[in-house]
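Participant: Quick one: the structure is below, and I'll ask about it shortly.
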Amino acid sequence: MIERSPLAWKPVGAVAGGAALALLLTIDRYDYHRDELYFRMVGAHPKWGYVDQPPFTPLMVRACIAVFGDTVWAIRIPGLVFLAAAAVLLALIAREAGGGRFAQTLAAAGVLTTFPLTAAHITITAGPDLVMWLLVIWCLMRALLSDLPRYFMLAGLIAGIALYNKHLVILLLATFGAGLLLVGPRRVLASKWLWAGAGIAVVVGLPNLLYQIANDFPQLSMAHALAQNKGDEARITLLPLQLLWLGPFFVPVWVAGIVTLLRRPELRPVRAFAVAYPLMIVLLFVVAGQPYYSLGLLAALFAIGAVPAARWVAGSRARRGLLVAAAVVNCGVAVLTSLPVLPIDVIGKTPIPAINIGIADEIGWPRYVAQVKEVYDALPAEDKPHAILFTGNYGEAGALDRYGKPLGLPDVYSGQNELWYFGPPPESATVVVWVTEGDGPVGSSAFGSCEAKARLDNRYGVDNEEQTARVFVCRDRRQTWAELWPKAKHFD
């Protein structure tokens with residue numbers, strides 16, 4: 001059994017607090033991310049699940065708006081908590097692996113890296129998912145390394161709750177289970193505590209499963225669409241991004257985590273995690289899963305790798321200085337590229353938007369909406385009562401819903417993902433102000449005319465999905481909306 005040091009509350013708390021402070025200082029420096037605008041819309045329609053995800057994050061956004069107001073900073077408050085919690089959990093994982101003060105602090109610093117910062121800064125499903133994965137991993141380590149099998153039940157409870165945010169926790173449990181079969185300890189698979197934990201996960205997550213069954217497994221349809229639309233890109237970037245999620249200077253640390261799991265006898269009960277990671281990468285490649293799906297396990301391996309890293313620098317000022325310097329540079333670059341640190345009128349002159357699409361997707365929404373409003377205002381007075389807005393993607397729809405309503409713009413519709421289920425426009429809508437990223441509206445043949453009126457420009461020089469999108473005015477609809485609406489449906 002591993003001898004555990006006390007949790008290094010002061011340095012770990014300083015890292016967690018510093019990470020949360022970095023988020024707080026940049027919380028609303030730019031604007032909403034496209035996913036936040038989408039969650040704001042779908043969260044206003046509470047359900048057990050949506051076509052592209054379970055309900056946790058959209059409903060969390062709705063709750064934040066209800067409590068704190070309809071602002072950017074309001075919906076980002078949970079991110080501060082998630083990032084701080086992840087820092088503490090990484091330190092706890094390092095402690096379970098035998099790490100002392102330095103190892104725990106280094107492990108906690110794993111949150112000051114590219115993807116954890118991005119996932120906590122903008123309110124997306126990856127933020128709470130990271131915390132839930134780390135909680136499950138910590139519970140499994142407690143159960144196996146400390147011979148505390150009741151922690152299997154806690155792991156099951158957390159996994160069941162995690163299913164309401166994303167179903168990816170199944171990927172973690174499946175690959176870890178496969179790791180137990182391959183490298184042991186196989187006797188654990190016969191533990192009544194483990195199966196009790198599995199039962200708890202099923203019971204807690206049952207309403208989510210029933211929703212999927214009742215609605216013909218919509219998330220499988222969504223996963224298939226993602227594989228078709230982004231599968232090649234996901235496979236090509238899968239391995240390179242594994243090296244970048246936590247930063248290049250931290251790669252030796254998480255690699256050391258895999259090696260130490262396989263080599264240290266005292267970690268033998270949890271070496272299945274070392275096997276689970278390559279299994280997960282292979283599985284993601286086969287199913288064309290998104291590269292960030294492995295982040296939770298990757299972060300845990302980094303925390304475990306902090307233990308041999310701390311031993312490597314022990315007694316050597318030069319090595320300690322080298323590791324600390326690498327960590328500072330790694331975290332500094334991550335903060336610069338993951339958070340809105342630079343002024344908004346400068347960011348377009350840097351490579352940051354190309355490096356981190358999350359930053360690019362926070363820029364330009366009020367200006368885009370103002371340009372759509374100019375097109376709407378130019379409509380003849382007799383057209384305006386019969387006009388609606390239609391968009392090619394949910395980011396545009398979310399922006400027009402958020403900023404357009406106070407400006408007097410009409411209702412907005414979109415066929416993307418869950419927004420399609422909101423239903424078609426009324427049959428009285430005969431004029432469509434259509435925002436699209438293509439050369440013309442998809443399905444424009446259903447209208448007698450579609451005339452280009454504007455091209456969107458954020459005027460910051462930031463290339464995102466909306467930059468140079470076009471605004472059309474379509475008239476003389478040739479079919480009913482009931483006939484057109486099935487053709488508008490698309491998942492992406």
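Order determines the names: the first chain of the structure tokens is A, the second B, and so forth; residues in each chain are numbered 1 upward, and ligands are numbered 1 upward as they are shown.
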Enumerate as a PyMOL selection string all residues of region 62-300 of chain A assigned to helix (DSSP H, G or I) by DSSP on the backbone, naming them with the chain letters and numbers the document uses.

Facilitator: chain A and resi 62-68+72-96+101-111+114-121+126-145+151-162+169-183+186-190+192-214+218-242+248-263+265-270+272-287+291-300

Participant: Return as JSON lines the residues of region 157-252 of chain A lying at most 12 Å from region 119-130 of chain A, together with the closest atom-to-atom pair for each and the distance in Å to one decimal, counting only C-alpha atoms, with rows in chain order and ascending residue number.

Facilitator:
{"residue": "A:Ile158", "atom": "CA", "partner": "A:Asp129", "partner_atom": "CA", "distance": 10.7}
{"residue": "A:Ala159", "atom": "CA", "partner": "A:Asp129", "partner_atom": "CA", "distance": 10.1}
{"residue": "A:Ile161", "atom": "CA", "partner": "A:Asp129", "partner_atom": "CA", "distance": 10.2}
{"residue": "A:Ala162", "atom": "CA", "partner": "A:Asp129", "partner_atom": "CA", "distance": 6.8}
{"residue": "A:Leu163", "atom": "CA", "partner": "A:Asp129", "partner_atom": "CA", "distance": 9.3}
{"residue": "A:Tyr164", "atom": "CA", "partner": "A:Asp129", "partner_atom": "CA", "distance": 9.9}
{"residue": "A:Asn165", "atom": "CA", "partner": "A:Thr125", "partner_atom": "CA", "distance": 6.4}
{"residue": "A:Lys166", "atom": "CA", "partner": "A:Asp129", "partner_atom": "CA", "distance": 7.0}
{"residue": "A:His167", "atom": "CA", "partner": "A:Asp129", "partner_atom": "CA", "distance": 9.4}
{"residue": "A:Leu168", "atom": "CA", "partner": "A:Asp129", "partner_atom": "CA", "distance": 8.3}
{"residue": "A:Val169", "atom": "CA", "partner": "A:Asp129", "partner_atom": "CA", "distance": 8.1}
{"residue": "A:Ile170", "atom": "CA", "partner": "A:Asp129", "partner_atom": "CA", "distance": 11.8}
{"residue": "A:Leu172", "atom": "CA", "partner": "A:Asp129", "partner_atom": "CA", "distance": 11.4}
{"residue": "A:Trp245", "atom": "CA", "partner": "A:Ala119", "partner_atom": "CA", "distance": 11.0}

Participant: Go ahead and write the residues just picked, N, CA, C and O atoms, as a PDB file, in the first residue's frame.

Facilitator:
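Result went into part-v4.pdb, see below:
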ATOM      1  N   ILE A 158     -21.025   9.085  -9.485  1.00  0.00           N
ATOM      2  CA  ILE A 158     -20.507  10.209 -10.273  1.00  0.00           C
ATOM      3  C   ILE A 158     -20.638   9.923 -11.772  1.00  0.00           C
ATOM      4  O   ILE A 158     -21.004  10.803 -12.555  1.00  0.00           O
ATOM      5  N   ALA A 159     -20.362   8.677 -12.174  1.00  0.00           N
ATOM      6  CA  ALA A 159     -20.500   8.322 -13.585  1.00  0.00           C
ATOM      7  C   ALA A 159     -21.947   8.472 -14.045  1.00  0.00           C
ATOM      8  O   ALA A 159     -22.215   8.945 -15.161  1.00  0.00           O
ATOM      9  N   ILE A 161     -24.154  10.546 -12.828  1.00  0.00           N
ATOM     10  CA  ILE A 161     -24.412  11.982 -12.958  1.00  0.00           C
ATOM     11  C   ILE A 161     -23.748  12.533 -14.211  1.00  0.00           C
ATOM     12  O   ILE A 161     -24.316  13.372 -14.922  1.00  0.00           O
ATOM     13  N   ALA A 162     -22.525  12.051 -14.505  1.00  0.00           N
ATOM     14  CA  ALA A 162     -21.790  12.527 -15.678  1.00  0.00           C
ATOM     15  C   ALA A 162     -22.545  12.267 -16.976  1.00  0.00           C
ATOM     16  O   ALA A 162     -22.388  13.001 -17.953  1.00  0.00           O
ATOM     17  N   LEU A 163     -23.376  11.220 -16.982  1.00  0.00           N
ATOM     18  CA  LEU A 163     -24.141  10.900 -18.191  1.00  0.00           C
ATOM     19  C   LEU A 163     -25.114  12.010 -18.572  1.00  0.00           C
ATOM     20  O   LEU A 163     -25.554  12.086 -19.722  1.00  0.00           O
ATOM     21  N   TYR A 164     -25.450  12.872 -17.620  1.00  0.00           N
ATOM     22  CA  TYR A 164     -26.350  13.982 -17.919  1.00  0.00           C
ATOM     23  C   TYR A 164     -25.621  15.162 -18.539  1.00  0.00           C
ATOM     24  O   TYR A 164     -26.249  16.139 -18.940  1.00  0.00           O
ATOM     25  N   ASN A 165     -24.295  15.075 -18.591  1.00  0.00           N
ATOM     26  CA  ASN A 165     -23.515  16.126 -19.235  1.00  0.00           C
ATOM     27  C   ASN A 165     -23.006  15.674 -20.602  1.00  0.00           C
ATOM     28  O   ASN A 165     -23.188  16.344 -21.605  1.00  0.00           O
ATOM     29  N   LYS A 166     -22.339  14.515 -20.631  1.00  0.00           N
ATOM     30  CA  LYS A 166     -21.926  13.872 -21.876  1.00  0.00           C
ATOM     31  C   LYS A 166     -21.898  12.374 -21.612  1.00  0.00           C
ATOM     32  O   LYS A 166     -21.730  11.944 -20.463  1.00  0.00           O
ATOM     33  N   HIS A 167     -22.006  11.604 -22.660  1.00  0.00           N
ATOM     34  CA  HIS A 167     -21.971  10.154 -22.506  1.00  0.00           C
ATOM     35  C   HIS A 167     -20.548   9.603 -22.580  1.00  0.00           C
ATOM     36  O   HIS A 167     -20.346   8.394 -22.558  1.00  0.00           O
ATOM     37  N   LEU A 168     -19.570  10.493 -22.639  1.00  0.00           N
ATOM     38  CA  LEU A 168     -18.185  10.074 -22.839  1.00  0.00           C
ATOM     39  C   LEU A 168     -17.614   9.310 -21.666  1.00  0.00           C
ATOM     40  O   LEU A 168     -16.610   8.595 -21.818  1.00  0.00           O
ATOM     41  N   VAL A 169     -18.203   9.442 -20.486  1.00  0.00           N
ATOM     42  CA  VAL A 169     -17.683   8.704 -19.338  1.00  0.00           C
ATOM     43  C   VAL A 169     -17.751   7.193 -19.600  1.00  0.00           C
ATOM     44  O   VAL A 169     -16.966   6.418 -19.032  1.00  0.00           O
ATOM     45  N   ILE A 170     -18.655   6.782 -20.473  1.00  0.00           N
ATOM     46  CA  ILE A 170     -18.722   5.364 -20.862  1.00  0.00           C
ATOM     47  C   ILE A 170     -17.418   4.947 -21.541  1.00  0.00           C
ATOM     48  O   ILE A 170     -16.938   3.825 -21.355  1.00  0.00           O
ATOM     49  N   LEU A 172     -14.439   6.116 -20.868  1.00  0.00           N
ATOM     50  CA  LEU A 172     -13.470   5.921 -19.793  1.00  0.00           C
ATOM     51  C   LEU A 172     -13.666   4.574 -19.112  1.00  0.00           C
ATOM     52  O   LEU A 172     -12.710   3.808 -18.927  1.00  0.00           O
ATOM     53  N   TRP A 245      -2.660  19.389 -26.029  1.00  0.00           N
ATOM     54  CA  TRP A 245      -3.718  19.733 -25.080  1.00  0.00           C
ATOM     55  C   TRP A 245      -3.165  20.275 -23.766  1.00  0.00           C
ATOM     56  O   TRP A 245      -3.687  21.228 -23.195  1.00  0.00           O
TER      57      TRP A 245
END

Participant: With only C-alpha atoms as the counted atoms, please give the residues lying no more than 10 Å from region 200-202 of chain A, apart from itself and same-chain residues fewer than 5 positions off, as an NGL selection string.

Facilitator: :A and (152-163 or 194-195 or 207-209)

Participant: Select, from A:Thr391, A:Thr118, A:Thr350, A:Thr57, the residue with the minimum atom-to-atom distance to Gly461 (chain A), counting only C-alpha atoms.

Facilitator: A:Thr350

Participant: Please provide as a ChimeraX atom specification all residues within 10 Å of Gly348 (chain A), with the sequence filter that same-chain residues fewer than 4 positions apart are discarded (counting only C-alpha atoms).

Facilitator: /A:342-344,352-354,360,363,459-463

Participant: How about saving the chosen residues, all heavy atoms kept, as an mmCIF file, in the first residue's frame?

Facilitator:
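Okay, part.cif is ready:
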data_model
loop_
_atom_site.group_PDB
_atom_site.id
_atom_site.type_symbol
_atom_site.label_atom_id
_atom_site.label_comp_id
_atom_site.auth_asym_id
_atom_site.auth_seq_id
_atom_site.Cartn_x
_atom_site.Cartn_y
_atom_site.Cartn_z
ATOM 1 N N LEU A 342 -5.246 39.513 -24.847
ATOM 2 C CA LEU A 342 -4.908 40.658 -25.685
ATOM 3 C C LEU A 342 -6.140 41.501 -25.995
ATOM 4 O O LEU A 342 -7.265 40.995 -26.011
ATOM 5 C CB LEU A 342 -4.281 40.167 -26.991
ATOM 6 C CG LEU A 342 -2.960 39.391 -26.864
ATOM 7 C CD1 LEU A 342 -2.492 38.930 -28.234
ATOM 8 C CD2 LEU A 342 -1.899 40.239 -26.191
ATOM 9 N N PRO A 343 -5.964 42.795 -26.254
ATOM 10 C CA PRO A 343 -7.099 43.636 -26.659
ATOM 11 C C PRO A 343 -7.771 43.082 -27.903
ATOM 12 O O PRO A 343 -7.098 42.525 -28.785
ATOM 13 C CB PRO A 343 -6.453 45.005 -26.921
ATOM 14 C CG PRO A 343 -5.188 44.993 -26.116
ATOM 15 C CD PRO A 343 -4.713 43.568 -26.125
ATOM 16 N N ILE A 344 -9.065 43.256 -28.004
ATOM 17 C CA ILE A 344 -9.817 42.656 -29.103
ATOM 18 C C ILE A 344 -9.408 43.225 -30.459
ATOM 19 O O ILE A 344 -9.471 42.531 -31.478
ATOM 20 C CB ILE A 344 -11.336 42.832 -28.874
ATOM 21 C CG1 ILE A 344 -12.113 41.906 -29.814
ATOM 22 C CG2 ILE A 344 -11.758 44.282 -29.034
ATOM 23 C CD1 ILE A 344 -13.584 41.796 -29.479
ATOM 24 N N ILE A 352 -3.145 33.752 -32.861
ATOM 25 C CA ILE A 352 -3.924 33.104 -31.806
ATOM 26 C C ILE A 352 -5.283 32.604 -32.297
ATOM 27 O O ILE A 352 -5.672 31.468 -31.994
ATOM 28 C CB ILE A 352 -4.073 34.039 -30.586
ATOM 29 C CG1 ILE A 352 -2.709 34.210 -29.911
ATOM 30 C CG2 ILE A 352 -5.096 33.490 -29.584
ATOM 31 C CD1 ILE A 352 -2.702 35.204 -28.768
ATOM 32 N N PRO A 353 -6.062 33.389 -33.060
ATOM 33 C CA PRO A 353 -7.356 32.861 -33.525
ATOM 34 C C PRO A 353 -7.216 31.601 -34.380
ATOM 35 O O PRO A 353 -8.104 30.739 -34.359
ATOM 36 C CB PRO A 353 -7.933 34.025 -34.341
ATOM 37 C CG PRO A 353 -7.286 35.238 -33.777
ATOM 38 C CD PRO A 353 -5.889 34.807 -33.432
ATOM 39 N N ALA A 354 -6.118 31.486 -35.119
ATOM 40 C CA ALA A 354 -5.900 30.278 -35.923
ATOM 41 C C ALA A 354 -5.484 29.108 -35.033
ATOM 42 O O ALA A 354 -5.824 27.954 -35.317
ATOM 43 C CB ALA A 354 -4.833 30.545 -36.977
ATOM 44 N N ALA A 360 -11.456 32.679 -31.604
ATOM 45 C CA ALA A 360 -12.049 33.281 -32.802
ATOM 46 C C ALA A 360 -13.567 33.312 -32.716
ATOM 47 O O ALA A 360 -14.210 34.261 -33.187
ATOM 48 C CB ALA A 360 -11.603 32.503 -34.039
ATOM 49 N N ILE A 363 -15.667 36.397 -31.107
ATOM 50 C CA ILE A 363 -15.450 37.743 -31.639
ATOM 51 C C ILE A 363 -16.446 38.082 -32.748
ATOM 52 O O ILE A 363 -16.664 37.291 -33.666
ATOM 53 C CB ILE A 363 -14.004 37.877 -32.157
ATOM 54 C CG1 ILE A 363 -13.040 37.846 -30.966
ATOM 55 C CG2 ILE A 363 -13.807 39.149 -32.964
ATOM 56 C CD1 ILE A 363 -11.584 37.782 -31.338
ATOM 57 N N ARG A 459 -14.719 43.226 -38.557
ATOM 58 C CA ARG A 459 -13.865 44.419 -38.577
ATOM 59 C C ARG A 459 -12.701 44.349 -37.588
ATOM 60 O O ARG A 459 -12.075 45.368 -37.293
ATOM 61 C CB ARG A 459 -14.696 45.682 -38.322
ATOM 62 C CG ARG A 459 -15.759 45.916 -39.412
ATOM 63 C CD ARG A 459 -16.723 47.002 -39.062
ATOM 64 N NE ARG A 459 -17.837 47.047 -40.011
ATOM 65 C CZ ARG A 459 -18.994 47.664 -39.770
ATOM 66 N NH1 ARG A 459 -19.181 48.280 -38.609
ATOM 67 N NH2 ARG A 459 -19.940 47.651 -40.669
ATOM 68 N N TYR A 460 -12.443 43.167 -37.072
ATOM 69 C CA TYR A 460 -11.268 42.965 -36.221
ATOM 70 C C TYR A 460 -10.202 42.139 -36.944
ATOM 71 O O TYR A 460 -9.150 41.858 -36.377
ATOM 72 C CB TYR A 460 -11.650 42.247 -34.928
ATOM 73 C CG TYR A 460 -12.556 43.040 -34.026
ATOM 74 C CD1 TYR A 460 -13.828 42.589 -33.723
ATOM 75 C CD2 TYR A 460 -12.139 44.252 -33.478
ATOM 76 C CE1 TYR A 460 -14.667 43.303 -32.883
ATOM 77 C CE2 TYR A 460 -12.967 44.981 -32.644
ATOM 78 C CZ TYR A 460 -14.237 44.499 -32.354
ATOM 79 O OH TYR A 460 -15.066 45.216 -31.518
ATOM 80 N N GLY A 461 -10.485 41.728 -38.175
ATOM 81 C CA GLY A 461 -9.545 40.918 -38.920
ATOM 82 C C GLY A 461 -9.428 39.497 -38.414
ATOM 83 O O GLY A 461 -8.437 38.818 -38.671
ATOM 84 N N VAL A 462 -10.451 39.026 -37.700
ATOM 85 C CA VAL A 462 -10.441 37.671 -37.154
ATOM 86 C C VAL A 462 -11.251 36.769 -38.078
ATOM 87 O O VAL A 462 -12.423 37.032 -38.360
ATOM 88 C CB VAL A 462 -11.033 37.636 -35.731
ATOM 89 C CG1 VAL A 462 -11.168 36.199 -35.239
ATOM 90 C CG2 VAL A 462 -10.147 38.443 -34.791
ATOM 91 N N ASP A 463 -10.614 35.701 -38.518
ATOM 92 C CA ASP A 463 -11.269 34.774 -39.431
ATOM 93 C C ASP A 463 -11.989 33.699 -38.625
ATOM 94 O O ASP A 463 -11.375 32.796 -38.075
ATOM 95 C CB ASP A 463 -10.229 34.132 -40.348
ATOM 96 C CG ASP A 463 -10.871 33.259 -41.422
ATOM 97 O OD1 ASP A 463 -12.085 33.397 -41.643
ATOM 98 O OD2 ASP A 463 -10.151 32.446 -42.027
#

Participant: Which residues in region 244-450 of chain A does DSSP call strand (DSSP E or B)? List them as number ranges by chain.

Facilitator: A: 387-391, 412-414, 416, 431-436, 447-450

Participant: May I have the residues from that selection written out with N, CA, C and O atoms, as a PDB file, in the first residue's frame?

Facilitator:
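Output file selection10.pdb follows:
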ATOM      1  N   ALA A 387     -41.723  38.975 -42.184  1.00  0.00           N
ATOM      2  CA  ALA A 387     -40.318  38.577 -42.288  1.00  0.00           C
ATOM      3  C   ALA A 387     -39.879  37.774 -41.066  1.00  0.00           C
ATOM      4  O   ALA A 387     -40.333  38.008 -39.937  1.00  0.00           O
ATOM      5  N   ILE A 388     -38.977  36.816 -41.307  1.00  0.00           N
ATOM      6  CA  ILE A 388     -38.321  36.082 -40.228  1.00  0.00           C
ATOM      7  C   ILE A 388     -36.832  35.993 -40.566  1.00  0.00           C
ATOM      8  O   ILE A 388     -36.419  36.280 -41.687  1.00  0.00           O
ATOM      9  N   LEU A 389     -36.034  35.622 -39.582  1.00  0.00           N
ATOM     10  CA  LEU A 389     -34.608  35.402 -39.782  1.00  0.00           C
ATOM     11  C   LEU A 389     -34.338  33.908 -39.852  1.00  0.00           C
ATOM     12  O   LEU A 389     -34.945  33.123 -39.119  1.00  0.00           O
ATOM     13  N   PHE A 390     -33.431  33.507 -40.717  1.00  0.00           N
ATOM     14  CA  PHE A 390     -33.039  32.103 -40.813  1.00  0.00           C
ATOM     15  C   PHE A 390     -31.523  32.046 -40.926  1.00  0.00           C
ATOM     16  O   PHE A 390     -30.915  32.835 -41.647  1.00  0.00           O
ATOM     17  N   THR A 391     -30.907  31.108 -40.219  1.00  0.00           N
ATOM     18  CA  THR A 391     -29.444  31.042 -40.211  1.00  0.00           C
ATOM     19  C   THR A 391     -28.949  29.650 -40.566  1.00  0.00           C
ATOM     20  O   THR A 391     -29.637  28.647 -40.361  1.00  0.00           O
ATOM     21  N   VAL A 412     -35.925  34.194 -34.942  1.00  0.00           N
ATOM     22  CA  VAL A 412     -34.892  33.539 -35.729  1.00  0.00           C
ATOM     23  C   VAL A 412     -35.116  32.032 -35.706  1.00  0.00           C
ATOM     24  O   VAL A 412     -35.527  31.466 -34.689  1.00  0.00           O
ATOM     25  N   TYR A 413     -34.829  31.391 -36.831  1.00  0.00           N
ATOM     26  CA  TYR A 413     -34.998  29.944 -36.984  1.00  0.00           C
ATOM     27  C   TYR A 413     -33.723  29.359 -37.586  1.00  0.00           C
ATOM     28  O   TYR A 413     -32.976  30.034 -38.298  1.00  0.00           O
ATOM     29  N   SER A 414     -33.495  28.092 -37.303  1.00  0.00           N
ATOM     30  CA  SER A 414     -32.370  27.383 -37.893  1.00  0.00           C
ATOM     31  C   SER A 414     -32.686  25.895 -37.924  1.00  0.00           C
ATOM     32  O   SER A 414     -33.432  25.392 -37.070  1.00  0.00           O
ATOM     33  N   GLN A 416     -30.262  23.612 -37.688  1.00  0.00           N
ATOM     34  CA  GLN A 416     -29.117  22.869 -37.158  1.00  0.00           C
ATOM     35  C   GLN A 416     -29.422  22.283 -35.779  1.00  0.00           C
ATOM     36  O   GLN A 416     -29.894  22.973 -34.878  1.00  0.00           O
ATOM     37  N   VAL A 431     -41.197  36.364 -46.199  1.00  0.00           N
ATOM     38  CA  VAL A 431     -39.921  37.027 -46.489  1.00  0.00           C
ATOM     39  C   VAL A 431     -38.891  36.502 -45.486  1.00  0.00           C
ATOM     40  O   VAL A 431     -39.126  36.505 -44.282  1.00  0.00           O
ATOM     41  N   VAL A 432     -37.752  36.046 -46.007  1.00  0.00           N
ATOM     42  CA  VAL A 432     -36.717  35.449 -45.153  1.00  0.00           C
ATOM     43  C   VAL A 432     -35.414  36.218 -45.304  1.00  0.00           C
ATOM     44  O   VAL A 432     -34.886  36.345 -46.409  1.00  0.00           O
ATOM     45  N   VAL A 433     -34.930  36.742 -44.174  1.00  0.00           N
ATOM     46  CA  VAL A 433     -33.582  37.308 -44.121  1.00  0.00           C
ATOM     47  C   VAL A 433     -32.666  36.150 -43.724  1.00  0.00           C
ATOM     48  O   VAL A 433     -32.705  35.677 -42.597  1.00  0.00           O
ATOM     49  N   TRP A 434     -31.885  35.693 -44.681  1.00  0.00           N
ATOM     50  CA  TRP A 434     -31.173  34.413 -44.551  1.00  0.00           C
ATOM     51  C   TRP A 434     -29.677  34.669 -44.417  1.00  0.00           C
ATOM     52  O   TRP A 434     -29.050  35.260 -45.292  1.00  0.00           O
ATOM     53  N   VAL A 435     -29.094  34.182 -43.322  1.00  0.00           N
ATOM     54  CA  VAL A 435     -27.653  34.296 -43.089  1.00  0.00           C
ATOM     55  C   VAL A 435     -27.022  32.935 -43.354  1.00  0.00           C
ATOM     56  O   VAL A 435     -27.433  31.933 -42.773  1.00  0.00           O
ATOM     57  N   THR A 436     -26.033  32.902 -44.238  1.00  0.00           N
ATOM     58  CA  THR A 436     -25.412  31.628 -44.587  1.00  0.00           C
ATOM     59  C   THR A 436     -23.940  31.825 -44.899  1.00  0.00           C
ATOM     60  O   THR A 436     -23.527  32.887 -45.360  1.00  0.00           O
ATOM     61  N   PHE A 447     -37.606  29.282 -53.263  1.00  0.00           N
ATOM     62  CA  PHE A 447     -38.055  30.678 -53.291  1.00  0.00           C
ATOM     63  C   PHE A 447     -37.937  31.217 -54.714  1.00  0.00           C
ATOM     64  O   PHE A 447     -37.062  30.799 -55.492  1.00  0.00           O
ATOM     65  N   GLY A 448     -38.812  32.141 -55.025  1.00  0.00           N
ATOM     66  CA  GLY A 448     -38.771  32.752 -56.347  1.00  0.00           C
ATOM     67  C   GLY A 448     -37.519  33.571 -56.547  1.00  0.00           C
ATOM     68  O   GLY A 448     -36.975  33.643 -57.658  1.00  0.00           O
ATOM     69  N   SER A 449     -37.033  34.210 -55.462  1.00  0.00           N
ATOM     70  CA  SER A 449     -35.817  35.016 -55.573  1.00  0.00           C
ATOM     71  C   SER A 449     -35.085  35.021 -54.240  1.00  0.00           C
ATOM     72  O   SER A 449     -35.695  34.998 -53.177  1.00  0.00           O
ATOM     73  N   CYS A 450     -33.747  35.015 -54.319  1.00  0.00           N
ATOM     74  CA  CYS A 450     -32.888  35.182 -53.142  1.00  0.00           C
ATOM     75  C   CYS A 450     -31.788  36.161 -53.546  1.00  0.00           C
ATOM     76  O   CYS A 450     -30.910  35.820 -54.353  1.00  0.00           O
TER      77      CYS A 450
END

Participant: Between A:His490, A:Arg62, A:Arg29, A:Arg478, which is the closest to Trp420 (chain A) once you count only C-alpha atoms?

Facilitator: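 Nearest candidate to Trp420 (chain A) out of A:His490, A:Arg62, A:Arg29, A:Arg478: A:His490.
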
Participant: Give me the residues within 8 Å of Ala227 (chain A) as a PDB file with N, CA and C atoms, in the first residue's frame, counting only C-alpha atoms and dropping any in the same chain fewer than 3 places off.

Facilitator:
ATOM      1  N   ALA A 223     -23.601  11.574 -33.495  1.00  0.00           N
ATOM      2  CA  ALA A 223     -22.237  11.046 -33.594  1.00  0.00           C
ATOM      3  C   ALA A 223     -21.924  10.624 -35.026  1.00  0.00           C
ATOM      4  N   HIS A 224     -22.914  10.024 -35.703  1.00  0.00           N
ATOM      5  CA  HIS A 224     -22.728   9.614 -37.103  1.00  0.00           C
ATOM      6  C   HIS A 224     -22.505  10.834 -37.984  1.00  0.00           C
ATOM      7  N   LYS A 230     -16.724  15.633 -39.856  1.00  0.00           N
ATOM      8  CA  LYS A 230     -15.424  16.005 -39.288  1.00  0.00           C
ATOM      9  C   LYS A 230     -14.531  14.802 -39.026  1.00  0.00           C
ATOM     10  N   GLY A 231     -14.946  13.636 -39.496  1.00  0.00           N
ATOM     11  CA  GLY A 231     -14.217  12.418 -39.184  1.00  0.00           C
ATOM     12  C   GLY A 231     -12.777  12.418 -39.683  1.00  0.00           C
ATOM     13  N   ASP A 232     -12.569  12.825 -40.935  1.00  0.00           N
ATOM     14  CA  ASP A 232     -11.210  12.831 -41.487  1.00  0.00           C
ATOM     15  C   ASP A 232     -10.312  13.790 -40.714  1.00  0.00           C
ATOM     16  N   VAL A 287     -13.727   5.260 -34.530  1.00  0.00           N
ATOM     17  CA  VAL A 287     -15.072   5.845 -34.606  1.00  0.00           C
ATOM     18  C   VAL A 287     -15.040   7.306 -35.024  1.00  0.00           C
ATOM     19  N   ALA A 288     -13.826   7.844 -35.309  1.00  0.00           N
ATOM     20  CA  ALA A 288     -13.672   9.259 -35.692  1.00  0.00           C
ATOM     21  C   ALA A 288     -14.178  10.183 -34.598  1.00  0.00           C
ATOM     22  N   GLY A 289     -13.878   9.835 -33.343  1.00  0.00           N
ATOM     23  CA  GLY A 289     -14.243  10.698 -32.225  1.00  0.00           C
ATOM     24  C   GLY A 289     -13.362  11.930 -32.167  1.00  0.00           C
TER      25      GLY A 289
END

Participant: Give me the residues within 10 Å of Pro149 (chain A) as a list in words, counting only C-alpha atoms and dropping any in the same chain fewer than 4 places off.

Facilitator: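 Close residues of Pro149 (chain A): Cys139, Leu140, Met141, Arg142, Ala143, Leu144, Leu145, Met153, Leu154, Val188, Ser191, Lys192, Trp193, Leu194 and Gly197 of chain A.
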